$ cat protein-v3.txt   # compact mmCIF, C-alpha atoms and all ligand atoms
# COMPACT_ATOMS: atom_id res chain seq x y z
CA MET I 1 10.61 -20.60 -14.96
CA SER I 2 11.83 -20.74 -11.44
CA ASN I 3 14.54 -22.81 -9.90
CA GLU I 4 16.25 -23.23 -6.57
CA SER I 5 18.49 -20.25 -7.03
CA ASP I 6 15.56 -17.85 -7.31
CA ASN I 7 16.36 -14.59 -5.58
CA LEU I 8 19.76 -15.86 -4.60
CA LYS I 9 22.09 -13.02 -5.30
CA ILE I 10 25.70 -13.72 -4.51
CA PRO I 11 27.47 -10.59 -3.36
CA ARG I 12 31.07 -9.99 -4.21
CA ILE I 13 32.88 -10.57 -0.94
CA ASN I 14 36.26 -8.92 -0.97
CA SER I 15 37.28 -9.08 2.64
CA VAL I 16 37.04 -11.25 5.70
CA LYS I 17 35.15 -8.40 7.37
CA GLU I 18 32.47 -8.43 4.70
CA PHE I 19 32.26 -12.18 4.90
CA PHE I 20 31.69 -12.21 8.64
CA ALA I 21 29.04 -9.50 8.35
CA GLN I 22 27.12 -11.62 5.84
CA ALA I 23 27.58 -14.90 7.70
CA LEU I 24 26.38 -13.31 10.91
CA ALA I 25 23.30 -11.74 9.33
CA ILE I 26 22.41 -15.08 7.71
CA GLU I 27 22.75 -17.06 10.94
CA GLU I 28 20.70 -14.48 12.78
CA GLU I 29 17.92 -14.71 10.24
CA ALA I 30 17.96 -18.52 10.23
CA SER I 31 17.54 -18.53 13.99
CA GLU I 32 14.59 -16.11 13.77
CA ARG I 33 12.93 -18.15 11.03
CA TYR I 34 13.22 -21.36 13.02
CA ASN I 35 11.68 -19.67 16.03
CA LEU I 36 8.81 -18.49 13.82
CA LEU I 37 8.31 -22.00 12.49
CA ALA I 38 8.35 -23.31 16.07
CA ASP I 39 5.72 -20.72 17.05
CA GLN I 40 3.61 -21.72 14.09
CA MET I 41 3.76 -25.40 15.04
CA GLU I 42 2.88 -24.56 18.65
CA VAL I 43 -0.20 -22.73 17.45
CA HIS I 44 -1.21 -25.97 15.78
CA ASN I 45 -0.37 -27.99 18.91
CA LYS I 46 2.43 -29.81 17.13
CA ALA I 47 4.74 -30.10 20.12
CA GLU I 48 7.18 -32.57 18.61
CA ILE I 49 7.97 -30.61 15.47
CA ALA I 50 7.88 -27.34 17.43
CA ALA I 51 10.62 -28.72 19.67
CA ILE I 52 12.70 -29.67 16.61
CA PHE I 53 12.45 -26.16 15.19
CA ARG I 54 13.24 -24.63 18.58
CA LYS I 55 16.33 -26.80 18.69
CA MET I 56 17.35 -25.64 15.20
CA ALA I 57 16.82 -22.02 16.28
CA ASN I 58 19.20 -22.61 19.18
CA ILE I 59 21.74 -24.32 16.93
CA GLU I 60 21.67 -21.39 14.51
CA ALA I 61 21.97 -18.95 17.43
CA LEU I 62 25.02 -20.84 18.73
CA HIS I 63 26.40 -20.87 15.22
CA ARG I 64 25.95 -17.11 15.12
CA GLU I 65 27.89 -16.76 18.39
CA GLU I 66 30.64 -18.96 17.01
CA VAL I 67 30.89 -16.82 13.88
CA ALA I 68 31.01 -13.68 16.04
CA ARG I 69 33.72 -15.24 18.19
CA ARG I 70 35.81 -16.16 15.14
CA ALA I 71 35.33 -12.71 13.70
CA GLY I 72 36.49 -10.97 16.87
CA ASP I 73 37.39 -7.36 16.16
CA ARG I 74 36.90 -7.94 12.44
CA LEU I 75 33.20 -7.72 12.96
CA VAL I 76 31.19 -4.88 11.52
CA GLY I 77 27.62 -4.55 12.72
CA GLY I 78 24.32 -3.67 11.13
CA GLU I 79 24.96 -5.37 7.82
CA GLN I 80 21.93 -6.34 5.77
CA ALA I 81 22.02 -9.99 4.76
CA ALA I 82 22.40 -10.45 1.02
CA PHE I 83 20.48 -13.62 1.54
CA SER I 84 17.01 -13.96 2.93
CA TRP I 85 14.72 -16.91 3.55
CA LEU I 86 11.92 -17.36 1.06
CA GLY I 87 8.40 -17.98 2.18
CA PRO I 88 6.47 -21.04 1.00
CA GLN I 89 4.80 -19.19 -1.85
CA GLY I 90 8.04 -18.36 -3.54
CA PRO I 91 9.90 -15.13 -4.18
CA GLU I 92 6.76 -12.94 -4.10
CA ALA I 93 6.08 -13.86 -0.50
CA THR I 94 8.76 -11.72 0.99
CA ASP I 95 6.77 -11.01 4.11
CA PHE I 96 7.53 -14.23 5.89
CA GLU I 97 6.22 -13.02 9.26
CA ASP I 98 2.81 -12.28 7.81
CA VAL I 99 2.30 -15.73 6.47
CA HIS I 100 -0.77 -17.17 8.14
CA TYR I 101 -1.61 -20.34 6.39
CA LEU I 102 -2.09 -23.96 7.11
CA MET I 103 1.29 -25.49 7.40
CA THR I 104 1.86 -29.11 8.26
CA PRO I 105 5.09 -30.33 9.88
CA HIS I 106 6.04 -31.78 6.50
CA GLN I 107 5.52 -28.46 4.71
CA ALA I 108 7.41 -26.60 7.42
CA LEU I 109 10.34 -29.01 7.09
CA GLN I 110 10.30 -28.65 3.30
CA LEU I 111 10.45 -24.90 3.74
CA ALA I 112 13.42 -25.26 6.10
CA ARG I 113 15.15 -27.66 3.71
CA PHE I 114 14.67 -25.33 0.77
CA ASN I 115 16.26 -22.44 2.66
CA GLU I 116 19.10 -24.53 4.10
CA LEU I 117 19.90 -25.63 0.54
CA ARG I 118 19.94 -21.99 -0.51
CA ALA I 119 22.36 -21.26 2.31
CA VAL I 120 24.62 -24.07 1.08
CA ALA I 121 24.50 -22.66 -2.47
CA PHE I 122 25.19 -19.16 -1.15
CA PHE I 123 28.34 -20.14 0.74
CA GLU I 124 29.54 -22.54 -1.98
CA SER I 125 29.27 -19.83 -4.54
CA ILE I 126 31.19 -17.38 -2.33
CA ALA I 127 33.84 -20.04 -1.77
CA SER I 128 34.23 -20.68 -5.48
CA THR I 129 34.48 -17.01 -6.45
CA ALA I 130 36.45 -15.63 -3.51
CA VAL I 131 39.82 -14.14 -4.31
CA ASP I 132 40.86 -13.88 -0.67
CA ALA I 133 42.09 -17.28 0.56
CA GLU I 134 40.74 -16.80 4.08
CA VAL I 135 37.28 -15.83 2.81
CA LYS I 136 37.36 -18.94 0.63
CA ALA I 137 38.23 -21.17 3.59
CA LEU I 138 35.63 -19.57 5.85
CA ALA I 139 32.94 -19.90 3.18
CA GLU I 140 33.79 -23.56 2.66
CA GLU I 141 33.45 -24.14 6.39
CA MET I 142 30.06 -22.43 6.48
CA ALA I 143 28.89 -24.43 3.45
CA ARG I 144 29.84 -27.62 5.31
CA ASP I 145 27.85 -26.55 8.37
CA GLU I 146 24.83 -25.73 6.24
CA ARG I 147 25.07 -29.11 4.49
CA ASP I 148 24.85 -30.71 7.94
CA HIS I 149 21.66 -28.76 8.56
CA VAL I 150 20.17 -30.13 5.33
CA LEU I 151 21.00 -33.67 6.49
CA TRP I 152 19.28 -33.09 9.82
CA VAL I 153 16.19 -31.78 8.10
CA ASP I 154 16.26 -34.82 5.80
CA ASP I 155 16.30 -37.05 8.87
CA TRP I 156 13.29 -35.29 10.36
CA LEU I 157 11.47 -35.51 7.05
CA LYS I 158 11.60 -39.28 7.47
CA LYS I 159 9.54 -38.76 10.61
CA PHE I 160 7.08 -36.52 8.82
CA PRO I 161 7.14 -38.07 5.35
CA GLU I 162 3.98 -36.50 4.03
CA ASP I 163 0.88 -34.57 4.89
CA THR I 164 -1.25 -37.23 6.43
CA GLU I 165 -3.54 -34.83 8.17
CA VAL I 166 -5.11 -31.46 7.82
CA LEU I 167 -4.30 -28.97 10.54
CA ASP I 168 -6.95 -27.00 12.32
CA ASP I 169 -6.93 -23.48 11.12
CA PRO I 170 -6.78 -21.09 14.09
CA ASP I 171 -6.49 -18.07 11.84
CA PRO I 172 -7.94 -18.58 8.37
CA PRO I 173 -6.36 -16.54 5.60
CA VAL I 174 -8.48 -13.62 4.47
CA TYR I 175 -7.24 -13.83 0.93
CA SER I 176 -8.05 -16.49 -1.63
CA GLU I 177 -5.98 -17.87 -4.45
ZN ZN I 201 21.48 -23.54 8.61

$ encode --input "protein-v3.txt" --output "structure tokens"
Amino acid sequence: MSNESDNLKIPRINSVKEFFAQALAIEEEASERYNLLADQMEVHNKAEIAAIFRKMANIEALHREEVARRAGDRLVGGEQAAFSWLGPQGPEATDFEDVHYLMTPHQALQLARFNELRAVAFFESIASTAVDAEVKALAEEMARDERDHVLWVDDWLKKFPEDTEVLDDPDPPVYSE
């Protein structure tokens, strides 16, 4: 059985340095994913939802800069994120970039929501297990930010409540299910 914490491994974060490395890697990935979703929507001529995702990509990029600024000289580079976005097909679909499928704005938003929720769970879990008080406080702050992102996505889902249309397929998948 699967649940929302699939593939969500919570690393033991022992120092502020380690925390910043993880937070930075996660924000960077989120920004990339939103840009990919925006690209995908542009391919389907969905300008409105593409603009929303582009905006989220910028917000995550600004968030990344803010984290880097807070970290200052406590920043270590090149860290691999312990957390990674899941593709729409679940944990097996690790190759997010290669996903060429029909995705409606609603599905794209659900994918974003799912991963924002995972980010919340990730930071909440770090906050609840952290021994270092500063790591705990920083993780709580990040969890709050990520909860805001979930609320935004929820708002946009009201605009795209369900899949009322079928998108044109510019690049049909070569595989079948
Ligand atoms: Zn986020």

$ atom_distance --input "protein-v3.txt" --atom1 "atom CA of I:Lys159" --atom2 "atom CA of I:Ala119"
23.2 Å

$ atom_distance --input "protein-v3.txt" --atom1 "atom CA of I:Asp155" --atom2 "atom CA of I:Leu24"
25.9 Å

$ closest_residue --input "protein-v3.txt" --among "I:Val120, I:Ala137, I:Leu157, I:Ile26" --to "I:Ala61" --atoms "all atoms listed in the file"
I:Ile26

$ residues_near_ligand --input "protein-v3.txt" --ligand "ligand ZN 201 (chain I)" --cutoff "6 Å" --atoms "only C-alpha atoms and all ligand atoms" --output "mmCIF file with C-alpha atoms, in the coordinates of the input"
data_model
loop_
_atom_site.group_PDB
_atom_site.id
_atom_site.type_symbol
_atom_site.label_atom_id
_atom_site.label_comp_id
_atom_site.auth_asym_id
_atom_site.auth_seq_id
_atom_site.Cartn_x
_atom_site.Cartn_y
_atom_site.Cartn_z
ATOM 1 C CA GLU I 116 19.100 -24.530 4.100
ATOM 2 C CA GLU I 146 24.830 -25.730 6.240
ATOM 3 C CA HIS I 149 21.660 -28.760 8.560
#

$ residues_around --input "protein-v3.txt" --residues "stretch 49-56 of chain I" --least-positions-apart "2" --cutoff "8 Å" --atoms "all atoms listed in the file" --output "list in words"
Ser31, Tyr34, Asn35, Leu37, Ala38, Asp39, Gln40, Met41, Glu42, Lys46, Ala47, Asn58, Ile59, Glu60 and Pro105 of chain I

$ atom_distance --input "protein-v3.txt" --atom1 "atom CA of I:His106" --atom2 "atom CA of I:Val150"
14.3 Å

$ residues_around --input "protein-v3.txt" --residues "I:Glu134" --least-positions-apart "4" --cutoff "10 Å" --atoms "only C-alpha atoms" --output "ChimeraX atom specification"
/I:15-16,19,127,130,138-140

$ closest_residue --input "protein-v3.txt" --among "I:Pro161, I:Asn45, I:Phe123, I:Gly72" --to "I:Lys17" --atoms "only C-alpha atoms"
I:Gly72

$ closest_residue --input "protein-v3.txt" --among "I:Met142, I:Glu48, I:Trp152, I:Arg118" --to "I:Val67" --atoms "all atoms listed in the file"
I:Met142

$ residues_around --input "protein-v3.txt" --residues "I:Glu18" --least-positions-apart "4" --cutoff "10 Å" --atoms "all atoms listed in the file" --output "PyMOL selection string"
chain I and resi 11-14+22-24+74-76+79+135

$ closest_residue --input "protein-v3.txt" --among "I:Leu62, I:Ala112, I:Val131, I:Leu86" --to "I:Val153" --atoms "all atoms listed in the file"
I:Ala112

$ closest_residue --input "protein-v3.txt" --among "I:Ala133, I:Ile126, I:Met103, I:Ala121" --to "I:Val43" --atoms "all atoms listed in the file"
I:Met103
